[in-house]
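Text of protein-v3.txt (compact mmCIF, C-alpha atoms) as supplied:
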```txt
# COMPACT_ATOMS: atom_id res chain seq x y z
CA MET A 185 -9.85 -27.99 21.51
CA GLN A 186 -6.33 -28.67 20.23
CA THR A 187 -6.88 -32.44 20.03
CA SER A 188 -10.21 -32.15 18.20
CA THR A 189 -8.84 -29.59 15.74
CA LEU A 190 -5.82 -31.77 14.99
CA ALA A 191 -8.07 -34.81 14.47
CA LEU A 192 -10.28 -32.82 12.10
CA CYS A 193 -7.24 -31.70 10.07
CA LYS A 194 -5.98 -35.28 9.72
CA LEU A 195 -9.38 -36.44 8.47
CA MET A 196 -9.53 -33.54 6.02
CA CYS A 197 -6.24 -34.68 4.47
CA ILE A 198 -7.89 -37.95 3.43
CA SER A 199 -10.81 -36.71 1.35
CA SER A 200 -11.14 -33.70 -0.94
CA ALA A 201 -14.92 -33.53 -0.42
CA PHE A 202 -14.56 -33.80 3.37
CA CYS A 203 -11.86 -31.13 3.30
CA GLU A 204 -13.93 -28.71 1.23
CA LYS A 205 -16.96 -29.23 3.46
CA HIS A 206 -15.12 -28.58 6.73
CA LEU A 207 -12.76 -25.77 5.70
CA PRO A 208 -15.22 -23.08 6.89
CA LEU A 209 -15.36 -24.82 10.29
CA LEU A 210 -11.57 -24.97 10.51
CA PHE A 211 -11.15 -21.28 9.71
CA THR A 212 -13.89 -20.41 12.19
CA ALA A 213 -12.01 -22.36 14.86
CA LEU A 214 -8.84 -20.49 13.92
CA ALA A 215 -10.56 -17.10 14.10
CA ARG A 216 -12.22 -17.87 17.45
CA ALA A 217 -9.21 -19.49 19.08
CA PRO A 218 -8.41 -17.89 22.46
CA SER A 219 -5.79 -15.17 22.18
CA GLN A 220 -3.60 -16.93 24.74
CA ASP A 221 -3.74 -20.28 22.90
CA THR A 222 -0.91 -19.67 20.43
CA THR A 223 -0.24 -23.40 20.09
CA LEU A 224 -3.69 -24.02 18.63
CA ARG A 225 -3.36 -21.19 16.11
CA ALA A 226 0.21 -22.12 15.14
CA ASN A 227 -0.63 -25.81 14.65
CA THR A 228 -3.77 -24.94 12.66
CA VAL A 229 -1.73 -22.77 10.31
CA ILE A 230 0.70 -25.64 9.70
CA ALA A 231 -2.23 -27.99 9.06
CA LEU A 232 -3.65 -25.52 6.55
CA GLY A 233 -0.33 -25.65 4.72
CA ASP A 234 -0.60 -29.44 4.47
CA LEU A 235 -4.18 -29.13 3.21
CA ALA A 236 -3.20 -26.51 0.63
CA PHE A 237 -0.47 -28.82 -0.65
CA ARG A 238 -2.87 -31.77 -0.76
CA PHE A 239 -5.97 -30.01 -2.13
CA PRO A 240 -4.82 -26.62 -3.55
CA ASN A 241 -8.06 -25.87 -5.40
CA ALA A 242 -10.15 -26.34 -2.26
CA VAL A 243 -7.96 -24.12 -0.08
CA GLU A 244 -7.23 -21.43 -2.70
CA PRO A 245 -10.36 -19.30 -1.95
CA TYR A 246 -9.24 -19.09 1.69
CA THR A 247 -5.70 -17.92 0.91
CA PRO A 248 -6.36 -14.33 2.15
CA ARG A 249 -7.20 -15.79 5.57
CA ILE A 250 -3.84 -17.55 5.69
CA TYR A 251 -2.13 -14.27 4.78
CA ALA A 252 -4.07 -12.61 7.61
CA CYS A 253 -2.19 -14.82 10.08
CA LEU A 254 0.92 -12.78 9.25
CA ARG A 255 -0.65 -10.02 11.36
CA ASP A 256 -1.20 -12.25 14.41
CA LYS A 257 0.05 -10.85 17.72
CA SER A 258 2.00 -14.05 18.37
CA THR A 259 5.50 -14.22 16.88
CA ARG A 260 5.18 -18.00 16.70
CA VAL A 261 1.97 -17.84 14.66
CA ARG A 262 3.41 -15.22 12.30
CA ARG A 263 6.55 -17.30 11.79
CA HIS A 264 4.58 -20.47 11.05
CA ALA A 265 2.28 -18.59 8.66
CA LEU A 266 5.26 -17.19 6.75
CA MET A 267 6.91 -20.62 6.62
CA VAL A 268 3.74 -22.14 5.18
CA LEU A 269 3.23 -19.37 2.59
CA THR A 270 6.90 -19.44 1.57
CA HIS A 271 6.71 -23.21 1.04
CA LEU A 272 3.48 -22.95 -0.98
CA ILE A 273 4.62 -20.00 -3.11
CA LEU A 274 8.02 -21.43 -4.00
CA ASN A 275 6.39 -24.75 -4.93
CA ASP A 276 3.79 -22.96 -7.08
CA MET A 277 0.94 -24.24 -4.94
CA VAL A 278 -0.28 -20.68 -4.30
CA LYS A 279 -0.29 -17.94 -6.91
CA VAL A 280 1.69 -14.85 -5.99
CA LYS A 281 -0.91 -12.08 -5.96
CA GLY A 282 -1.41 -8.65 -4.45
CA GLN A 283 -1.60 -10.11 -0.93
CA VAL A 284 2.17 -10.54 -1.10
CA SER A 285 2.26 -7.02 0.35
CA GLU A 286 1.50 -8.74 3.68
CA ILE A 287 4.76 -10.66 3.27
CA ALA A 288 6.54 -7.43 2.35
CA LEU A 289 5.53 -6.05 5.75
CA CYS A 290 7.35 -8.99 7.34
CA LEU A 291 10.58 -7.37 6.16
CA ARG A 292 10.08 -4.95 9.07
CA ASP A 293 8.87 -7.49 11.65
CA ASP A 294 10.28 -7.27 15.18
CA GLU A 295 11.42 -10.91 14.96
CA ALA A 296 14.74 -11.36 13.11
CA ARG A 297 13.87 -14.87 11.88
CA ILE A 298 10.70 -13.58 10.25
CA ARG A 299 12.59 -10.74 8.54
CA ASP A 300 15.22 -13.18 7.25
CA MET A 301 12.60 -15.59 5.94
CA ALA A 302 10.81 -12.80 4.07
CA ARG A 303 14.11 -11.71 2.49
CA LEU A 304 14.77 -15.31 1.48
CA LEU A 305 11.38 -15.59 -0.24
CA PHE A 306 11.86 -12.41 -2.28
CA ASN A 307 15.42 -13.42 -3.16
CA GLU A 308 14.18 -16.76 -4.49
CA LEU A 309 11.36 -15.11 -6.44
CA SER A 310 13.83 -12.69 -8.05
CA LYS A 311 15.84 -15.63 -9.43
CA ARG A 312 12.94 -16.86 -11.53
CA SER A 313 13.07 -16.15 -15.24
CA ASN A 314 9.91 -14.00 -15.23
CA ASN A 315 10.90 -12.17 -12.00
CA PRO A 316 7.38 -11.94 -10.51
CA ILE A 317 8.54 -9.13 -8.21
CA TYR A 318 8.47 -6.77 -11.21
CA ASN A 319 4.81 -7.56 -11.90
CA LEU A 320 3.87 -7.32 -8.22
CA LEU A 321 5.63 -4.06 -7.38
CA PRO A 322 2.96 -1.53 -8.50
CA ASP A 323 0.30 -3.31 -6.39
CA ILE A 324 2.67 -3.67 -3.43
CA VAL A 325 3.40 0.06 -3.57
CA SER A 326 -0.30 0.98 -3.69
CA ARG A 327 -1.39 -1.47 -0.98
CA LEU A 328 1.35 -0.53 1.47
CA SER A 329 0.68 3.15 0.87
CA GLN A 330 -3.09 2.78 1.30
CA MET A 331 -2.58 0.77 4.49
CA GLY A 332 -0.90 3.80 6.06
CA THR A 333 2.44 2.05 6.54
CA LYS A 334 4.92 4.11 8.54
CA LYS A 335 7.12 6.25 6.33
CA GLU A 336 10.40 4.65 7.43
CA ASP A 337 8.96 1.13 7.10
CA PHE A 338 7.56 1.83 3.63
CA ARG A 339 10.83 3.27 2.37
CA SER A 340 12.94 0.47 3.83
CA ILE A 341 10.69 -2.19 2.25
CA MET A 342 10.56 -0.52 -1.16
CA PHE A 343 14.30 0.20 -1.22
CA PHE A 344 14.87 -3.54 -0.72
CA LEU A 345 12.32 -4.70 -3.30
CA LEU A 346 13.23 -2.17 -5.99
CA GLY A 347 16.78 -3.44 -5.78
CA PHE A 348 15.62 -6.59 -7.62
CA ILE A 349 14.71 -4.61 -10.75
CA LYS A 350 17.86 -4.94 -12.83
CA LYS A 351 16.71 -4.79 -16.46
CA GLU A 352 16.55 -1.39 -18.14
CA LYS A 353 13.24 -2.17 -19.84
CA GLN A 354 11.63 -3.11 -16.51
CA ASN A 355 12.87 0.12 -14.92
CA GLU A 356 11.43 2.12 -17.81
CA MET A 357 8.05 0.36 -17.61
CA LEU A 358 7.86 0.82 -13.84
CA VAL A 359 8.48 4.55 -14.16
CA GLU A 360 5.53 4.79 -16.53
CA LYS A 361 3.26 2.54 -14.43
CA LEU A 362 3.97 4.43 -11.22
CA CYS A 363 3.41 7.81 -12.90
CA HIS A 364 -0.03 6.68 -14.05
CA ARG A 365 -0.93 5.93 -10.42
CA PHE A 366 -0.59 9.55 -9.27
CA PRO A 367 -4.17 10.57 -10.27
CA LYS A 368 -5.55 7.57 -8.32
CA CYS A 369 -3.94 8.63 -5.02
CA ASN A 370 -6.22 9.81 -2.21
CA SER A 371 -3.63 11.75 -0.22
CA ILE A 372 -0.39 13.64 -0.70
CA SER A 373 1.44 11.04 1.40
CA GLN A 374 0.53 8.36 -1.18
CA LYS A 375 1.93 10.59 -3.94
CA ALA A 376 5.10 11.08 -1.91
CA ASP A 377 5.42 7.29 -1.66
CA LEU A 378 5.12 6.94 -5.45
CA ALA A 379 7.69 9.69 -6.03
CA PHE A 380 10.11 7.99 -3.62
CA CYS A 381 9.78 4.68 -5.50
CA ILE A 382 10.39 6.33 -8.88
CA ALA A 383 13.52 7.98 -7.48
CA GLN A 384 14.91 4.58 -6.42
CA LEU A 385 14.73 3.17 -9.95
CA LYS A 386 17.65 3.21 -12.36
CA ILE A 387 16.79 6.17 -14.58
CA ASN A 388 17.97 6.38 -18.20
CA GLU A 389 17.22 8.75 -21.07
CA LYS A 390 14.01 6.94 -22.01
CA SER A 391 12.80 7.18 -18.42
CA LEU A 392 13.55 10.91 -18.37
CA LYS A 393 11.55 11.40 -21.56
CA CYS A 394 8.68 9.45 -20.00
CA LEU A 395 8.78 11.61 -16.86
CA ASN A 396 8.75 14.74 -19.00
CA ASP A 397 5.87 13.49 -21.18
CA LEU A 398 3.76 12.47 -18.15
CA PHE A 399 4.49 15.68 -16.23
CA LYS A 400 0.79 16.59 -16.00
CA LEU A 401 0.09 13.47 -13.93
CA TYR A 402 2.24 14.53 -10.98
CA LYS A 403 2.72 18.30 -11.34
CA ASP A 404 -0.03 19.07 -8.81
CA ALA A 405 1.88 17.14 -6.13
CA LEU A 406 5.16 19.04 -6.53
CA PHE A 407 4.23 21.54 -3.80
CA ASP A 408 4.93 18.77 -1.28
CA GLU A 409 8.52 18.84 -0.04
CA ASP A 410 8.96 15.04 -0.13
CA VAL A 411 7.60 14.76 -3.67
CA PHE A 412 9.78 17.59 -4.95
CA LYS A 413 12.90 16.18 -3.25
CA SER A 414 12.37 12.80 -4.91
CA PHE A 415 12.13 14.31 -8.40
CA ALA A 416 15.03 16.67 -7.67
CA SER A 417 17.18 13.64 -6.76
CA ILE A 418 16.36 12.13 -10.18
CA VAL A 419 17.61 15.33 -11.83
CA SER A 420 20.85 15.19 -9.80
CA LYS A 421 21.49 11.58 -10.83
CA ALA A 422 20.61 12.28 -14.47
CA LYS A 423 23.17 15.10 -14.71
CA LYS A 424 25.93 12.53 -14.17
CA PHE A 425 25.15 10.50 -17.30
CA ILE A 426 23.09 12.75 -19.57
CA LYS A 427 24.37 13.23 -23.13
CA PRO A 428 25.08 16.79 -24.33
CA GLU A 429 22.17 16.71 -26.79
CA MET A 430 19.77 15.81 -23.94
CA LYS A 431 21.08 18.39 -21.50
CA GLN A 432 18.70 21.15 -22.61
CA GLY A 433 15.66 18.90 -22.17
CA LEU A 434 16.79 17.97 -18.67
CA GLU A 435 17.26 21.62 -17.73
CA GLU A 436 13.78 22.46 -19.05
CA TRP A 437 12.26 19.63 -16.99
CA GLU A 438 14.15 20.82 -13.91
CA ALA A 439 12.80 24.34 -14.46
CA ARG A 440 9.24 23.00 -14.76
CA LEU A 441 9.66 21.06 -11.51
CA SER A 442 10.81 24.18 -9.65
CA GLU A 443 8.12 26.37 -11.18
CA HIS A 444 5.25 24.03 -10.28
CA SER A 445 6.69 23.44 -6.83
CA GLU A 446 6.35 27.16 -6.09
CA THR A 447 3.04 27.80 -7.86
CA GLY A 448 1.60 24.60 -6.40
CA MET A 449 2.31 25.79 -2.88
CA ASP A 450 0.66 29.15 -3.67
CA ASN A 451 -2.41 27.32 -4.97
CA VAL A 452 -2.58 25.16 -1.85
CA LEU A 453 -2.37 28.21 0.42
CA ALA A 454 -5.02 30.00 -1.65
CA GLY A 455 -7.25 26.93 -1.54
CA THR A 456 -6.85 26.63 2.22
CA LYS A 457 -7.67 30.32 2.65
CA ALA A 458 -10.76 29.98 0.44
CA GLN A 459 -11.93 26.93 2.38
CA ARG A 460 -11.58 28.77 5.68
CA ALA A 461 -13.51 31.73 4.28
CA LYS A 462 -16.25 29.35 3.10
CA VAL A 463 -16.50 27.78 6.57
CA ARG A 464 -16.69 31.22 8.22
CA ALA A 465 -19.40 32.30 5.77
CA ALA A 466 -21.42 29.14 6.49
CA LYS A 467 -21.18 29.75 10.25
CA ARG A 468 -22.22 33.38 9.78
CA ALA A 469 -25.21 32.34 7.67
CA ALA A 470 -26.21 29.76 10.30
CA ARG A 471 -26.04 32.39 13.06
CA ASN A 472 -28.12 34.84 11.02
CA ALA A 473 -30.71 32.14 10.32
CA THR A 474 -30.92 31.31 14.04
CA ARG A 475 -31.37 34.98 14.95
CA ALA A 476 -34.07 35.41 12.33
CA THR A 477 -35.92 32.36 13.68
CA GLN A 478 -35.67 33.64 17.25
CA LYS A 479 -36.87 37.13 16.23
CA LYS A 480 -39.84 35.64 14.40
CA TYR A 481 -40.69 33.56 17.46
CA TYR A 482 -40.54 36.54 19.85
CA ASP A 483 -42.55 38.74 17.46
CA SER A 484 -45.30 36.13 17.27
CA THR A 485 -45.31 35.80 21.08
CA ASP A 486 -45.67 39.57 21.48
CA ASP A 487 -48.60 39.62 19.02
CA GLU A 488 -50.37 36.89 20.99
CA GLU A 489 -49.95 38.80 24.26
CA GLU A 490 -51.33 42.00 22.71
CA SER A 491 -54.40 40.17 21.39
CA GLU A 492 -55.12 38.73 24.83
CA ASP A 493 -54.97 42.21 26.34
```

Translate the structure of the given file into structure tokens.
Amino acid sequence: MQTSTLALCKLMCISSAFCEKHLPLLFTALARAPSQDTTLRANTVIALGDLAFRFPNAVEPYTPRIYACLRDKSTRVRRHALMVLTHLILNDMVKVKGQVSEIALCLRDDEARIRDMARLLFNELSKRSNNPIYNLLPDIVSRLSQMGTKKEDFRSIMFFLLGFIKKEKQNEMLVEKLCHRFPKCNSISQKADLAFCIAQLKINEKSLKCLNDLFKLYKDALFDEDVFKSFASIVSKAKKFIKPEMKQGLEEWEARLSEHSETGMDNVLAGTKAQRAKVRAAKRAARNATRATQKKYYDSTDDEEESED
């Protein structure tokens, strides 16, 4: 299997048409490779890197499958996959898209060499004039949060990545972008993740005004302890640099945070109580309907017996 796969990869490097035709076969072989055959999977990943460098347009549609190798059980396969992707990304052979969240997860890999390589990639990306990390961050936050990443892993990854956002304007824009993602969250844990990320940014007076103006987007999540703590930490940091003329606005925002934290919890408790009452009422109605059906059945049986007599 290894010899035939290697031979196929070498032939694919010769012709673009041959490569494009046999890429599905190569990825099928990779997907169906025996779990114990790490050499086959690792070598195939390296070959895919060569093919992507040789014929980038042909391999580009299959990029998500290369990223998927970062989740392989084998440390060797994961390391080779990250090496290949790092090489392709830094040489602009693969566009940096939302799937880079898979590389972000490598920052918490069990293997030290994989963690170091992921750090190196993000460090190199941050040095570019357009700093692609800034553009990728909102999607990385959402994807990692939706994937159910462990709380400590998520916070460690985002603390590292948010450290690359140095410009004031970028910090301000990220605050706004992340606030607008609150209504799209499906769980309170996702909102807590967003609040944590906002709290790690370098907040200035414009950011505070933005947070105050967009209060309605996140006020319903303030009942959660993690969410409230994140916004409270922003208030604490802001008090150290706020100008006297802005102090009143900050105090008003702090009061709104505290108020909605308390009322939000009351609403959650009331909603939970109402839901339980609704469930009990539905069960009661179901029991009554069952009894009525049984009574009707027994009444009809009694009538039949009387008619026979």

Practice task
Skip range 360-376 of chain A itself and residues of its chain fewer than 5 positions away, then list as a list of chain:residue names all residues within 9 Å of it, counting all atoms listed in the file.
Solution key: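 The contact residues come out as A:Pro322, A:Val325, A:Ser326, A:Ser329, A:Gln330, A:Gly332, A:Lys335, A:Asn355, A:Cys381, A:Ile382, A:Ser391, A:Cys394, A:Leu395, A:Leu398, A:Phe399, A:Leu401, A:Tyr402, A:Ala405, A:Asp408, A:Glu409, A:Asp410, A:Val411, A:Phe412, A:Ser414.
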
Practice task
Have a look at CA of Val419 in chain A and CA of Glu438 in chain A and let me know their distance in Å, one decimal.
Solution key: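 Straight-line distance from CA of Val419 in chain A to CA of Glu438 in chain A works out to 6.8 Å.
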
Problem - Of the listed residues A:Ala252, A:Phe343, A:Lys351, A:Leu214, that which approaches Ser313 in chain A most closely, counting only C-alpha atoms - result: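 Using only C-alpha atoms, Ser313 in chain A sits closest to A:Lys351.
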
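From CA of Ser258 in chain A back to CA of Thr333 in chain A, the distance works out to 20.0 Å.
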
Practice task
Select, from A:Met357, A:Leu266, A:Leu209, A:Leu304, the residue with the minimum atom-to-atom distance to Leu254 in chain A, counting only C-alpha atoms.
Solution key: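 Between A:Met357, A:Leu266, A:Leu209, A:Leu304, the residue approaching Leu254 in chain A most closely is A:Leu266.
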
Practice task
Could you give me, as a list of chain:residue names, the residues that sit within 12 Å of (10.5, 22.7, -13.1) in the file's coordinates, counting all atoms listed in the file?
Solution key: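 Output: A:Leu395, A:Asn396, A:Phe399, A:Lys400, A:Tyr402, A:Lys403, A:Asp404, A:Leu406, A:Phe407, A:Phe412, A:Phe415, A:Ala416, A:Val419, A:Gly433, A:Leu434, A:Glu435, A:Glu436, A:Trp437, A:Glu438, A:Ala439, A:Arg440, A:Leu441, A:Ser442, A:Glu443, A:His444, A:Ser445, A:Glu446, A:Thr447, A:Gly448.
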
Problem - Shell of 7 Å around range 193-207 of chain A, all atoms listed in the file, local chain residues under 2 positions omitted, as a list of chain:residue names - result: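 In the requested form, the answer reads A:Thr189, A:Leu190, A:Ala191, A:Leu209, A:Leu210, A:Phe211, A:Ala231, A:Leu235, A:Arg238, A:Phe239, A:Ala242.
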
Exercise for the section: One decimal, Å: what's the distance from CA of Leu309 in chain A over to CA of Asn388 in chain A, could you say? Expected result: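 According to the coordinates, CA of Leu309 in chain A and CA of Asn388 in chain A are separated by 25.4 Å.
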
Fill in the blank from the handout: Nearest to Pro245 in chain A, restricted to all atoms listed in the file and choosing among A:Arg263, A:Lys279, A:Lys390, A:Lys311, comes out as A:Lys279

Tell me which protein, DNA and RNA residues are within 10 Å of range 283-288 of chain A, counting only C-alpha atoms, leaving out same-chain ones fewer than 2 positions away, and put them as a PDB file with C-alpha atoms, in the frame of the given file.
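Result went into result-v2.pdb, see below:
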```pdb
ATOM      1  CA  THR A 247      -5.700 -17.920   0.910  1.00  0.00           C
ATOM      2  CA  PRO A 248      -6.360 -14.330   2.150  1.00  0.00           C
ATOM      3  CA  TYR A 251      -2.130 -14.270   4.780  1.00  0.00           C
ATOM      4  CA  ALA A 252      -4.070 -12.610   7.610  1.00  0.00           C
ATOM      5  CA  CYS A 253      -2.190 -14.820  10.080  1.00  0.00           C
ATOM      6  CA  LEU A 254       0.920 -12.780   9.250  1.00  0.00           C
ATOM      7  CA  ARG A 255      -0.650 -10.020  11.360  1.00  0.00           C
ATOM      8  CA  ALA A 265       2.280 -18.590   8.660  1.00  0.00           C
ATOM      9  CA  LEU A 266       5.260 -17.190   6.750  1.00  0.00           C
ATOM     10  CA  LEU A 269       3.230 -19.370   2.590  1.00  0.00           C
ATOM     11  CA  THR A 270       6.900 -19.440   1.570  1.00  0.00           C
ATOM     12  CA  ILE A 273       4.620 -20.000  -3.110  1.00  0.00           C
ATOM     13  CA  LYS A 279      -0.290 -17.940  -6.910  1.00  0.00           C
ATOM     14  CA  VAL A 280       1.690 -14.850  -5.990  1.00  0.00           C
ATOM     15  CA  LYS A 281      -0.910 -12.080  -5.960  1.00  0.00           C
ATOM     16  CA  CYS A 290       7.350  -8.990   7.340  1.00  0.00           C
ATOM     17  CA  LEU A 291      10.580  -7.370   6.160  1.00  0.00           C
ATOM     18  CA  ARG A 292      10.080  -4.950   9.070  1.00  0.00           C
ATOM     19  CA  ASP A 293       8.870  -7.490  11.650  1.00  0.00           C
ATOM     20  CA  ILE A 298      10.700 -13.580  10.250  1.00  0.00           C
ATOM     21  CA  ARG A 299      12.590 -10.740   8.540  1.00  0.00           C
ATOM     22  CA  MET A 301      12.600 -15.590   5.940  1.00  0.00           C
ATOM     23  CA  ALA A 302      10.810 -12.800   4.070  1.00  0.00           C
ATOM     24  CA  ARG A 303      14.110 -11.710   2.490  1.00  0.00           C
ATOM     25  CA  LEU A 305      11.380 -15.590  -0.240  1.00  0.00           C
ATOM     26  CA  PHE A 306      11.860 -12.410  -2.280  1.00  0.00           C
ATOM     27  CA  ILE A 317       8.540  -9.130  -8.210  1.00  0.00           C
ATOM     28  CA  LEU A 320       3.870  -7.320  -8.220  1.00  0.00           C
ATOM     29  CA  LEU A 321       5.630  -4.060  -7.380  1.00  0.00           C
ATOM     30  CA  ASP A 323       0.300  -3.310  -6.390  1.00  0.00           C
ATOM     31  CA  ILE A 324       2.670  -3.670  -3.430  1.00  0.00           C
ATOM     32  CA  VAL A 325       3.400   0.060  -3.570  1.00  0.00           C
ATOM     33  CA  SER A 326      -0.300   0.980  -3.690  1.00  0.00           C
ATOM     34  CA  ARG A 327      -1.390  -1.470  -0.980  1.00  0.00           C
ATOM     35  CA  LEU A 328       1.350  -0.530   1.470  1.00  0.00           C
ATOM     36  CA  PHE A 338       7.560   1.830   3.630  1.00  0.00           C
ATOM     37  CA  ILE A 341      10.690  -2.190   2.250  1.00  0.00           C
ATOM     38  CA  MET A 342      10.560  -0.520  -1.160  1.00  0.00           C
ATOM     39  CA  PHE A 344      14.870  -3.540  -0.720  1.00  0.00           C
ATOM     40  CA  LEU A 345      12.320  -4.700  -3.300  1.00  0.00           C
TER      41      LEU A 345
END
```

Exercise for the section: Determine the nearest neighbour of Met277 in chain A from the options A:Val243, A:Phe237, A:Val261, A:Asn319, counting all atoms listed in the file. Expected result: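 Closest to Met277 in chain A, using all atoms listed in the file: A:Phe237.
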
Handout entry: For Thr222 in chain A: contacts at 10 Å, all atoms listed in the file, fewer than 3 positions along chain excluded, given as a list in words
Key =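 Non-adjacent residues within range: Ala217, Pro218, Ser219, Arg225, Ala226, Asn227, Thr228, Asp256, Lys257, Ser258, Thr259, Arg260 and Val261 of chain A.
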
Generate the output file for the selected residues, C-alpha atoms, as a PDB file, in the frame of the given file.
```pdb
ATOM      1  CA  ALA A 217      -9.210 -19.490  19.080  1.00  0.00           C
ATOM      2  CA  PRO A 218      -8.410 -17.890  22.460  1.00  0.00           C
ATOM      3  CA  SER A 219      -5.790 -15.170  22.180  1.00  0.00           C
ATOM      4  CA  ARG A 225      -3.360 -21.190  16.110  1.00  0.00           C
ATOM      5  CA  ALA A 226       0.210 -22.120  15.140  1.00  0.00           C
ATOM      6  CA  ASN A 227      -0.630 -25.810  14.650  1.00  0.00           C
ATOM      7  CA  THR A 228      -3.770 -24.940  12.660  1.00  0.00           C
ATOM      8  CA  ASP A 256      -1.200 -12.250  14.410  1.00  0.00           C
ATOM      9  CA  LYS A 257       0.050 -10.850  17.720  1.00  0.00           C
ATOM     10  CA  SER A 258       2.000 -14.050  18.370  1.00  0.00           C
ATOM     11  CA  THR A 259       5.500 -14.220  16.880  1.00  0.00           C
ATOM     12  CA  ARG A 260       5.180 -18.000  16.700  1.00  0.00           C
ATOM     13  CA  VAL A 261       1.970 -17.840  14.660  1.00  0.00           C
TER      14      VAL A 261
END
```

Using only the atoms of range 392-400 of chain A listed in the file, plus 6 Å on each side, state the axis-aligned box centre and edge lengths in Å rounded to one decimal, as JSON.
```
{"center_x": 7.2, "center_y": 13.0, "center_z": -18.8, "size_x": 24.8, "size_y": 19.1, "size_z": 17.6}
```

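Compared by their closest atoms to Ser340 in chain A, and using all atoms listed in the file, the residues A:Lys386, A:Glu429, A:Asp234, A:Leu289 rank with A:Leu289 nearest.
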